[in-house]
Structures are given as structure tokens and as C-alpha cells.
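Visitor: Take a look at protein-v4.pdb, PDB, C-alpha atoms, pLDDT in the B column:
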ATOM      1  CA  MET A  23      32.250-107.301  46.691  1.00 45.00           C
ATOM      2  CA  PRO A  24      32.157-105.208  43.499  1.00 53.00           C
ATOM      3  CA  LYS A  25      28.861-103.872  42.291  1.00 58.00           C
ATOM      4  CA  LEU A  26      27.288-105.459  39.216  1.00 75.00           C
ATOM      5  CA  GLN A  27      25.909-103.553  36.262  1.00 80.00           C
ATOM      6  CA  CYS A  28      22.534-104.042  34.690  1.00 81.00           C
ATOM      7  CA  LYS A  29      22.906-105.720  31.284  1.00 80.00           C
ATOM      8  CA  LYS A  30      20.090-103.561  29.914  1.00 80.00           C
ATOM      9  CA  CYS A  31      20.703-100.008  31.205  1.00 84.00           C
ATOM     10  CA  LYS A  32      24.392-100.432  32.192  1.00 78.00           C
ATOM     11  CA  GLN A  33      23.779 -98.836  35.601  1.00 80.00           C
ATOM     12  CA  PHE A  34      25.004-100.341  38.858  1.00 80.00           C
ATOM     13  CA  LEU A  35      22.635-102.666  40.664  1.00 79.00           C
ATOM     14  CA  PRO A  36      21.661-102.159  44.309  1.00 77.00           C
ATOM     15  CA  ASN A  37      23.011-104.516  46.929  1.00 72.00           C
ATOM     16  CA  THR A  38      19.506-105.736  47.781  1.00 70.00           C
ATOM     17  CA  LYS A  39      18.296-108.727  45.758  1.00 71.00           C
ATOM     18  CA  GLU A  40      14.706-107.513  45.831  1.00 75.00           C
ATOM     19  CA  ASP A  41      15.418-104.915  43.098  1.00 77.00           C
ATOM     20  CA  SER A  42      17.506-107.161  40.787  1.00 81.00           C
ATOM     21  CA  VAL A  43      17.334-110.543  39.071  1.00 84.00           C
ATOM     22  CA  GLU A  44      19.963-112.805  37.480  1.00 85.00           C
ATOM     23  CA  CYS A  45      19.716-114.896  34.321  1.00 84.00           C
ATOM     24  CA  LYS A  46      20.499-118.559  35.007  1.00 83.00           C
ATOM     25  CA  LYS A  47      21.797-119.080  31.459  1.00 83.00           C
ATOM     26  CA  CYS A  48      23.975-116.049  30.628  1.00 83.00           C
ATOM     27  CA  LYS A  49      24.583-115.133  34.293  1.00 82.00           C
ATOM     28  CA  HIS A  50      23.876-111.432  33.597  1.00 84.00           C
ATOM     29  CA  ALA A  51      22.036-109.327  36.158  1.00 84.00           C
ATOM     30  CA  PHE A  52      19.180-106.905  35.453  1.00 85.00           C
ATOM     31  CA  HIS A  53      17.061-104.361  37.239  1.00 82.00           C
ATOM     32  CA  ARG A  54      13.599-105.754  37.750  1.00 81.00           C
ATOM     33  CA  LYS A  55      12.215-102.675  35.998  1.00 82.00           C
ATOM     34  CA  CYS A  56      14.473-103.310  32.950  1.00 83.00           C
ATOM     35  CA  VAL A  57      12.974-106.760  32.271  1.00 81.00           C
ATOM     36  CA  LYS A  58      10.072-106.855  29.775  1.00 77.00           C
ATOM     37  CA  ASP A  59       8.073-109.601  31.521  1.00 77.00           C
ATOM     38  CA  ILE A  60       9.232-109.999  35.102  1.00 78.00           C
ATOM     39  CA  SER A  61       6.721-112.766  35.814  1.00 79.00           C
ATOM     40  CA  CYS A  62       8.037-114.842  32.886  1.00 78.00           C
ATOM     41  CA  PHE A  63      11.604-114.087  33.932  1.00 78.00           C
ATOM     42  CA  SER A  64      10.879-115.211  37.487  1.00 77.00           C
ATOM     43  CA  ALA A  65       9.178-118.378  36.268  1.00 79.00           C
ATOM     44  CA  LYS A  66      11.822-119.479  33.746  1.00 79.00           C
ATOM     45  CA  GLY A  67      14.876-117.800  35.282  1.00 80.00           C
ATOM     46  CA  ILE A  68      16.240-116.612  31.911  1.00 82.00           C
ATOM     47  CA  CYS A  69      16.407-113.132  30.360  1.00 82.00           C
ATOM     48  CA  ASP A  70      14.627-111.894  27.247  1.00 76.00           C
ATOM     49  CA  THR A  71      17.709-112.325  25.045  1.00 76.00           C
ATOM     50  CA  CYS A  72      18.276-115.910  26.055  1.00 80.00           C
ATOM     51  CA  GLU A  73      14.534-116.568  25.617  1.00 75.00           C
ATOM     52  CA  GLU A  74      14.635-115.268  22.014  1.00 72.00           C
ATOM     53  CA  VAL A  75      17.642-117.437  21.208  1.00 69.00           C
ATOM     54  CA  LYS A  76      15.950-120.443  22.753  1.00 66.00           C
ATOM     55  CA  THR A  77      12.737-119.964  20.774  1.00 64.00           C
ATOM     56  CA  GLY A  78      14.623-119.195  17.539  1.00 56.00           C
ATOM     57  CA  GLY A  79      13.694-115.525  17.406  1.00 51.00           C
ATOM     58  CA  GLY A  80      17.303-114.430  17.912  1.00 47.00           C
ATOM     59  CA  THR A  81      18.962-116.963  15.607  1.00 48.00           C
ATOM     60  CA  PRO A  82      20.443-115.233  12.523  1.00 47.00           C
ATOM     61  CA  ARG A  83      19.300-116.570   9.189  1.00 50.00           C
ATOM     62  CA  SER A  84      21.760-118.087   6.725  1.00 56.00           C
ATOM     63  CA  PRO A  85      22.721-115.815   3.818  1.00 57.00           C
ATOM     64  CA  THR A  86      21.030-116.621   0.519  1.00 65.00           C
ATOM     65  CA  THR A  87      22.556-116.670  -2.980  1.00 70.00           C
ATOM     66  CA  LYS A  88      21.021-113.279  -3.671  1.00 65.00           C
ATOM     67  CA  ASP A  89      22.609-111.894  -0.548  1.00 66.00           C
ATOM     68  CA  ASN A  90      25.974-113.243  -1.675  1.00 75.00           C
ATOM     69  CA  GLU A  91      25.529-111.676  -5.113  1.00 76.00           C
ATOM     70  CA  VAL A  92      24.696-108.313  -3.552  1.00 76.00           C
ATOM     71  CA  VAL A  93      27.736-108.514  -1.295  1.00 79.00           C
ATOM     72  CA  LEU A  94      29.931-109.561  -4.231  1.00 85.00           C
ATOM     73  CA  GLU A  95      28.592-106.676  -6.324  1.00 82.00           C
ATOM     74  CA  GLN A  96      29.324-104.250  -3.510  1.00 82.00           C
ATOM     75  CA  ILE A  97      32.826-105.673  -3.180  1.00 86.00           C
ATOM     76  CA  ASN A  98      33.383-105.316  -6.944  1.00 85.00           C
ATOM     77  CA  GLU A  99      32.164-101.713  -6.848  1.00 84.00           C
ATOM     78  CA  ARG A 100      34.531-100.929  -4.012  1.00 86.00           C
ATOM     79  CA  MET A 101      37.380-102.695  -5.815  1.00 88.00           C
ATOM     80  CA  ALA A 102      36.663-100.608  -8.930  1.00 86.00           C
ATOM     81  CA  ILE A 103      36.745 -97.462  -6.800  1.00 88.00           C
ATOM     82  CA  VAL A 104      40.030 -98.575  -5.235  1.00 88.00           C
ATOM     83  CA  GLU A 105      41.475 -99.359  -8.675  1.00 87.00           C
ATOM     84  CA  GLY A 106      40.389 -95.949  -9.968  1.00 88.00           C
ATOM     85  CA  MET A 107      41.923 -94.269  -6.945  1.00 90.00           C
ATOM     86  CA  SER A 108      45.105 -96.272  -7.501  1.00 89.00           C
ATOM     87  CA  LYS A 109      45.324 -95.006 -11.092  1.00 89.00           C
ATOM     88  CA  LYS A 110      44.661 -91.461  -9.934  1.00 91.00           C
ATOM     89  CA  LEU A 111      47.361 -91.781  -7.297  1.00 92.00           C
ATOM     90  CA  GLU A 112      49.756 -93.095  -9.941  1.00 91.00           C
ATOM     91  CA  GLU A 113      48.967 -90.123 -12.194  1.00 92.00           C
ATOM     92  CA  ILE A 114      49.435 -87.737  -9.274  1.00 93.00           C
ATOM     93  CA  ASN A 115      52.724 -89.441  -8.443  1.00 92.00           C
ATOM     94  CA  LEU A 116      53.938 -88.985 -12.039  1.00 92.00           C
ATOM     95  CA  GLN A 117      52.870 -85.341 -11.995  1.00 93.00           C
ATOM     96  CA  LEU A 118      54.662 -84.780  -8.690  1.00 94.00           C
ATOM     97  CA  LYS A 119      57.775 -86.425 -10.119  1.00 93.00           C
ATOM     98  CA  TYR A 120      57.584 -84.176 -13.196  1.00 93.00           C
ATOM     99  CA  TYR A 121      57.144 -81.035 -11.110  1.00 94.00           C
ATOM    100  CA  ALA A 122      59.959 -82.146  -8.798  1.00 94.00           C
ATOM    101  CA  GLU A 123      62.295 -82.470 -11.802  1.00 93.00           C
ATOM    102  CA  LYS A 124      61.210 -79.069 -13.123  1.00 93.00           C
ATOM    103  CA  TYR A 125      61.695 -77.552  -9.686  1.00 94.00           C
ATOM    104  CA  LYS A 126      65.197 -79.028  -9.516  1.00 93.00           C
ATOM    105  CA  GLU A 127      65.963 -77.665 -12.997  1.00 93.00           C
ATOM    106  CA  THR A 128      64.711 -74.255 -11.869  1.00 93.00           C
ATOM    107  CA  LEU A 129      66.925 -74.362  -8.780  1.00 93.00           C
ATOM    108  CA  ASP A 130      69.934 -75.398 -10.880  1.00 93.00           C
ATOM    109  CA  PHE A 131      69.227 -72.609 -13.370  1.00 93.00           C
ATOM    110  CA  LYS A 132      68.839 -70.102 -10.540  1.00 93.00           C
ATOM    111  CA  LYS A 133      72.119 -71.250  -9.000  1.00 92.00           C
ATOM    112  CA  GLU A 134      73.939 -71.019 -12.338  1.00 92.00           C
ATOM    113  CA  ALA A 135      72.415 -67.602 -13.088  1.00 92.00           C
ATOM    114  CA  THR A 136      73.363 -66.358  -9.614  1.00 91.00           C
ATOM    115  CA  GLU A 137      76.948 -67.544 -10.083  1.00 92.00           C
ATOM    116  CA  LYS A 138      77.168 -65.867 -13.507  1.00 92.00           C
ATOM    117  CA  PHE A 139      75.613 -62.690 -12.160  1.00 92.00           C
ATOM    118  CA  THR A 140      78.071 -62.640  -9.247  1.00 91.00           C
ATOM    119  CA  LYS A 141      80.961 -63.264 -11.639  1.00 92.00           C
ATOM    120  CA  HIS A 142      79.840 -60.486 -13.999  1.00 92.00           C
ATOM    121  CA  GLU A 143      79.209 -58.183 -11.060  1.00 91.00           C
ATOM    122  CA  ASN A 144      82.757 -58.772  -9.829  1.00 92.00           C
ATOM    123  CA  GLN A 145      84.084 -58.174 -13.346  1.00 92.00           C
ATOM    124  CA  ILE A 146      82.128 -54.918 -13.564  1.00 93.00           C
ATOM    125  CA  LYS A 147      83.495 -53.800 -10.199  1.00 92.00           C
ATOM    126  CA  ASP A 148      87.008 -54.680 -11.347  1.00 92.00           C
ATOM    127  CA  LEU A 149      86.517 -52.725 -14.581  1.00 94.00           C
ATOM    128  CA  GLN A 150      85.149 -49.782 -12.628  1.00 93.00           C
ATOM    129  CA  GLN A 151      88.213 -49.807 -10.392  1.00 92.00           C
ATOM    130  CA  ARG A 152      90.463 -50.004 -13.443  1.00 93.00           C
ATOM    131  CA  ASN A 153      88.559 -47.175 -15.077  1.00 94.00           C
ATOM    132  CA  ILE A 154      88.988 -45.013 -11.974  1.00 93.00           C
ATOM    133  CA  HIS A 155      92.692 -45.854 -11.928  1.00 92.00           C
ATOM    134  CA  LEU A 156      93.046 -45.049 -15.639  1.00 94.00           C
ATOM    135  CA  GLU A 157      91.183 -41.775 -15.209  1.00 93.00           C
ATOM    136  CA  LYS A 158      93.589 -40.794 -12.436  1.00 93.00           C
ATOM    137  CA  ARG A 159      96.559 -41.793 -14.571  1.00 92.00           C
ATOM    138  CA  ASN A 160      95.129 -39.918 -17.538  1.00 92.00           C
ATOM    139  CA  LYS A 161      94.622 -36.810 -15.429  1.00 91.00           C
ATOM    140  CA  MET A 162      98.185 -37.054 -14.140  1.00 93.00           C
ATOM    141  CA  MET A 163      99.482 -37.480 -17.698  1.00 93.00           C
ATOM    142  CA  GLU A 164      97.477 -34.479 -18.871  1.00 91.00           C
ATOM    143  CA  GLU A 165      98.911 -32.392 -16.054  1.00 90.00           C
ATOM    144  CA  ARG A 166     102.431 -33.549 -16.893  1.00 89.00           C
ATOM    145  CA  ILE A 167     101.891 -32.827 -20.578  1.00 89.00           C
ATOM    146  CA  CYS A 168     100.606 -29.366 -19.735  1.00 87.00           C
ATOM    147  CA  VAL A 169     103.660 -28.727 -17.569  1.00 85.00           C
ATOM    148  CA  PHE A 170     105.931 -30.101 -20.276  1.00 82.00           C
ATOM    149  CA  GLU A 171     104.256 -28.021 -22.980  1.00 80.00           C
ATOM    150  CA  ASN A 172     104.479 -24.916 -20.835  1.00 78.00           C
ATOM    151  CA  ARG A 173     108.149 -25.569 -20.273  1.00 76.00           C
ATOM    152  CA  GLU A 174     108.657 -26.160 -23.969  1.00 74.00           C
ATOM    153  CA  ARG A 175     106.818 -22.948 -24.766  1.00 71.00           C
ATOM    154  CA  GLU A 176     109.041 -21.099 -22.349  1.00 71.00           C
ATOM    155  CA  LYS A 177     112.023 -22.349 -24.347  1.00 73.00           C
ATOM    156  CA  ASN A 178     110.602 -21.099 -27.648  1.00 78.00           C
ATOM    157  CA  ILE A 179     110.950 -17.505 -28.786  1.00 81.00           C
ATOM    158  CA  GLU A 180     109.304 -16.071 -31.892  1.00 83.00           C
ATOM    159  CA  LEU A 181     111.213 -13.386 -33.779  1.00 83.00           C
ATOM    160  CA  ASN A 182     109.511 -11.237 -36.395  1.00 85.00           C
ATOM    161  CA  GLY A 183     111.067  -8.868 -38.910  1.00 82.00           C
ATOM    162  CA  VAL A 184     114.310 -10.790 -39.448  1.00 85.00           C
ATOM    163  CA  LYS A 185     115.182 -10.239 -43.101  1.00 85.00           C
ATOM    164  CA  TYR A 186     115.433 -13.280 -45.271  1.00 85.00           C
ATOM    165  CA  LYS A 187     118.695 -13.940 -47.109  1.00 84.00           C
ATOM    166  CA  GLU A 188     119.204 -16.638 -49.681  1.00 84.00           C
ATOM    167  CA  LYS A 189     121.216 -19.562 -48.329  1.00 85.00           C
ATOM    168  CA  GLU A 190     121.087 -17.975 -44.901  1.00 87.00           C
ATOM    169  CA  ASN A 191     122.273 -19.675 -41.728  1.00 89.00           C
ATOM    170  CA  ILE A 192     119.386 -18.687 -39.507  1.00 85.00           C
ATOM    171  CA  LEU A 193     121.044 -20.114 -36.386  1.00 86.00           C
ATOM    172  CA  GLU A 194     124.086 -17.890 -36.840  1.00 87.00           C
ATOM    173  CA  ILE A 195     121.857 -14.899 -37.545  1.00 86.00           C
ATOM    174  CA  VAL A 196     119.909 -15.477 -34.336  1.00 85.00           C
ATOM    175  CA  ARG A 197     123.113 -15.889 -32.338  1.00 86.00           C
ATOM    176  CA  LYS A 198     124.407 -12.572 -33.681  1.00 85.00           C
ATOM    177  CA  ILE A 199     121.137 -10.890 -32.711  1.00 83.00           C
ATOM    178  CA  SER A 200     121.429 -12.429 -29.236  1.00 82.00           C
ATOM    179  CA  HIS A 201     125.012 -11.178 -28.940  1.00 84.00           C
ATOM    180  CA  MET A 202     123.968  -7.698 -30.050  1.00 83.00           C
ATOM    181  CA  MET A 203     121.209  -7.665 -27.391  1.00 80.00           C
ATOM    182  CA  GLY A 204     123.650  -8.791 -24.718  1.00 76.00           C
ATOM    183  CA  VAL A 205     121.702 -11.968 -24.068  1.00 71.00           C
ATOM    184  CA  GLU A 206     123.508 -15.132 -23.003  1.00 66.00           C
ATOM    185  CA  ASP A 207     123.913 -17.542 -25.879  1.00 68.00           C
ATOM    186  CA  ASP A 208     121.686 -20.447 -24.819  1.00 78.00           C
ATOM    187  CA  ILE A 209     120.225 -21.144 -28.246  1.00 81.00           C
ATOM    188  CA  GLU A 210     119.685 -24.761 -29.204  1.00 83.00           C
ATOM    189  CA  SER A 211     118.156 -24.322 -32.653  1.00 86.00           C
ATOM    190  CA  ALA A 212     116.356 -21.825 -34.884  1.00 86.00           C
ATOM    191  CA  TRP A 213     114.153 -22.078 -37.988  1.00 86.00           C
ATOM    192  CA  ARG A 214     111.692 -20.127 -40.023  1.00 88.00           C
ATOM    193  CA  VAL A 215     108.015 -21.094 -39.995  1.00 87.00           C
ATOM    194  CA  GLY A 216     105.057 -20.444 -42.255  1.00 81.00           C
ATOM    195  CA  ARG A 217     104.879 -19.699 -45.983  1.00 81.00           C
ATOM    196  CA  GLU A 218     106.253 -16.857 -48.039  1.00 76.00           C
ATOM    197  CA  LYS A 219     103.888 -13.890 -48.184  1.00 74.00           C
ATOM    198  CA  ASN A 220     103.371 -11.467 -51.066  1.00 76.00           C
ATOM    199  CA  ASN A 221     103.369  -8.459 -48.769  1.00 75.00           C
ATOM    200  CA  GLY A 222     107.156  -8.544 -48.524  1.00 76.00           C
ATOM    201  CA  LYS A 223     107.237  -9.411 -44.826  1.00 85.00           C
ATOM    202  CA  PRO A 224     109.746 -12.128 -43.928  1.00 87.00           C
ATOM    203  CA  ARG A 225     108.569 -15.321 -42.297  1.00 88.00           C
ATOM    204  CA  PRO A 226     108.878 -15.385 -38.502  1.00 89.00           C
ATOM    205  CA  VAL A 227     111.755 -17.202 -36.846  1.00 86.00           C
ATOM    206  CA  PHE A 228     111.330 -19.631 -33.974  1.00 83.00           C
ATOM    207  CA  VAL A 229     114.194 -20.000 -31.550  1.00 85.00           C
ATOM    208  CA  ARG A 230     114.472 -22.887 -29.086  1.00 84.00           C
ATOM    209  CA  LEU A 231     116.559 -22.363 -25.984  1.00 82.00           C
ATOM    210  CA  ARG A 232     118.372 -25.118 -24.139  1.00 78.00           C
ATOM    211  CA  SER A 233     116.800 -24.243 -20.804  1.00 68.00           C
TER     212      SER A 233
END
Have the structure of the file written as C-alpha cells, please.
Guide:
Amino acid sequence: MPKLQCKKCKQFLPNTKEDSVECKKCKHAFHRKCVKDISCFSAKGICDTCEEVKTGGGTPRSPTTKDNEVVLEQINERMAIVEGMSKKLEEINLQLKYYAEKYKETLDFKKEATEKFTKHENQIKDLQQRNIHLEKRNKMMEERICVFENREREKNIELNGVKYKEKENILEIVRKISHMMGVEDDIESAWRVGREKNNGKPRPVFVRLRS
């Protein structure tokens, strides 16, 4: 048989009936020491709670009009608080929506800026590569020009002291000089350069060889 608990102290009751009593009305058990008036309990057989209900001491009173007004006022106050909180929540919701849109715009701007930056960065790298290539080509061209100029200079001979004759054929004159010097005739062209000088010295003659 399971042990019963005392309705008053909530502790288990002993198995002996001498230390416990039972209410005939509510059927709850109590320790004898937990009952206010054990003699009254033994005489009537009902607990203190049931006795108060029986005599009217435990019967709740009916709410009055004033009580209803107080309760209604409290309800209205709480409703006003709820309404205010609802408006605040709506404002917060609008603010969150605004910030969410701004955040999305920021992300879109960042994405667009990143794409443009990457595109420009690639263009800069491409231009740098082209610049390096052009610098190499330019250096090669300069070297070729130097070689070409050196070769051209090697073909040119400057003659000084060749007397000037009116209506002269300078090419024939140079060829005669070459023949007199025993040099192979490999002359392509010849011409005088510079301006006439008052000191009586003839203008120099430039001779271009074929090879």
C-alpha cells in the first residue's frame, strides 16, 4: 500500500494510525501535529480548510463594481503598453528594412567596384606586358639602327682638298682619284657638302661605297 502524504507539510505519513488523521469530507490525511485543533478535528472529523468553507470563512467574496473598474483600468493600461510596444516594433521593423536595403546596396556597390577594380587591374597588367614588349622591340630597333648606321658610315668616305671646278662631275673626279690610288672602283655616289668658305678651301666631298 503506498504511503500517503500530509496535506499540510507534504511529508509522508507513518503507517500507524495513532500519528495521523483523515478528513471525512476532503479525504485528505494529516499529521496530528499539523492540525490546529486536534480535539475539534477528532470531534467533527473534518480538517481546518473544510471547516472554514463550511462556516463561510473560506468562501471568496463576489467582485464589486469598483473591483471591476480597477481590473478594467489595469487591462487598459496593459493594452496601451502593448499598443506602444507594437508601434515601437513596427518602427524597428521599418528601420531594419531600411538598413537591410542600404546593406544590400553597399554589397552591390562593393561587388561592382571589385569587378571594375579587377578589370582595371587586368588592363594595367596587360598594358605593363605590352610596355615591356615594346621596350624590348625598341631596344632591338635601336641596336639594329646602330648597326645599320655603323655600316652606312663604313660606306661613306670624306675627302678634303679636292679642288672645285665649275660644272664639275664630282663622281668622275672621285673615280679618277680612286684609280690613281689603285683602289677598286666600288663607288656608288659622290657629292660635296657644306657651304662655300671665304678662306679658299674647297668644300669636302662625301663618297658612298656600294659595300
Visitor: Report, in Å with one decimal, the straight-line distance from CA of Lys109 (chain A) to CA of Gln96 (chain A).
Guide: 20.0 Å
Visitor: Run through the PyMOL selection byres ((chain A and resi 196-211) around 8) on the given coordinates and return the selected residues as a list of chain:residue names.
Guide: A:Ile192, A:Leu193, A:Glu194, A:Ile195, A:Ala212, A:Trp213, A:Val229, A:Arg230, A:Leu231, A:Arg232, A:Ser233
Visitor: Quick check on the file I pasted: which residues fall under the PyMOL selection byres ((chain A and resi 48-56) around 7)? Write them as a list in words.
Guide: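 Residues picked by the PyMOL selection byres ((chain A and resi 48-56) around 7): Gln27, Cys28, Lys29, Lys30, Leu35, Asp41, Ser42, Val43, Glu44, Cys45, Lys46, Lys47, Val57, Lys58 and Ile60 of chain A.
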Visitor: Keeping only C-alpha atoms, take the residues you just selected and write them out as a PDB file, in the frame of the given file.
Guide:
ATOM      1  CA  GLN A  27      25.909-103.553  36.262  1.00 80.00           C
ATOM      2  CA  CYS A  28      22.534-104.042  34.690  1.00 81.00           C
ATOM      3  CA  LYS A  29      22.906-105.720  31.284  1.00 80.00           C
ATOM      4  CA  LYS A  30      20.090-103.561  29.914  1.00 80.00           C
ATOM      5  CA  LEU A  35      22.635-102.666  40.664  1.00 79.00           C
ATOM      6  CA  ASP A  41      15.418-104.915  43.098  1.00 77.00           C
ATOM      7  CA  SER A  42      17.506-107.161  40.787  1.00 81.00           C
ATOM      8  CA  VAL A  43      17.334-110.543  39.071  1.00 84.00           C
ATOM      9  CA  GLU A  44      19.963-112.805  37.480  1.00 85.00           C
ATOM     10  CA  CYS A  45      19.716-114.896  34.321  1.00 84.00           C
ATOM     11  CA  LYS A  46      20.499-118.559  35.007  1.00 83.00           C
ATOM     12  CA  LYS A  47      21.797-119.080  31.459  1.00 83.00           C
ATOM     13  CA  VAL A  57      12.974-106.760  32.271  1.00 81.00           C
ATOM     14  CA  LYS A  58      10.072-106.855  29.775  1.00 77.00           C
ATOM     15  CA  ILE A  60       9.232-109.999  35.102  1.00 78.00           C
TER      16      ILE A  60
END
Visitor: Given the choices A:Lys32, A:Lys138, A:Arg214, A:Lys133, which gets closest to Asn191 (chain A) if the distance is worked out from only C-alpha atoms?
Guide: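 Result for the nearest residue to Asn191 (chain A): A:Arg214.
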Visitor: To one decimal place, how far is CA of Met162 (chain A) from CA of Glu174 (chain A) in Å?
Guide: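 Atom-to-atom, CA of Met162 (chain A) and CA of Glu174 (chain A) are spaced 18.0 Å apart.
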Visitor: What does the distance from CA of Val184 (chain A) to CA of Lys219 (chain A) come to in Å, to one decimal?
Guide: 13.9 Å
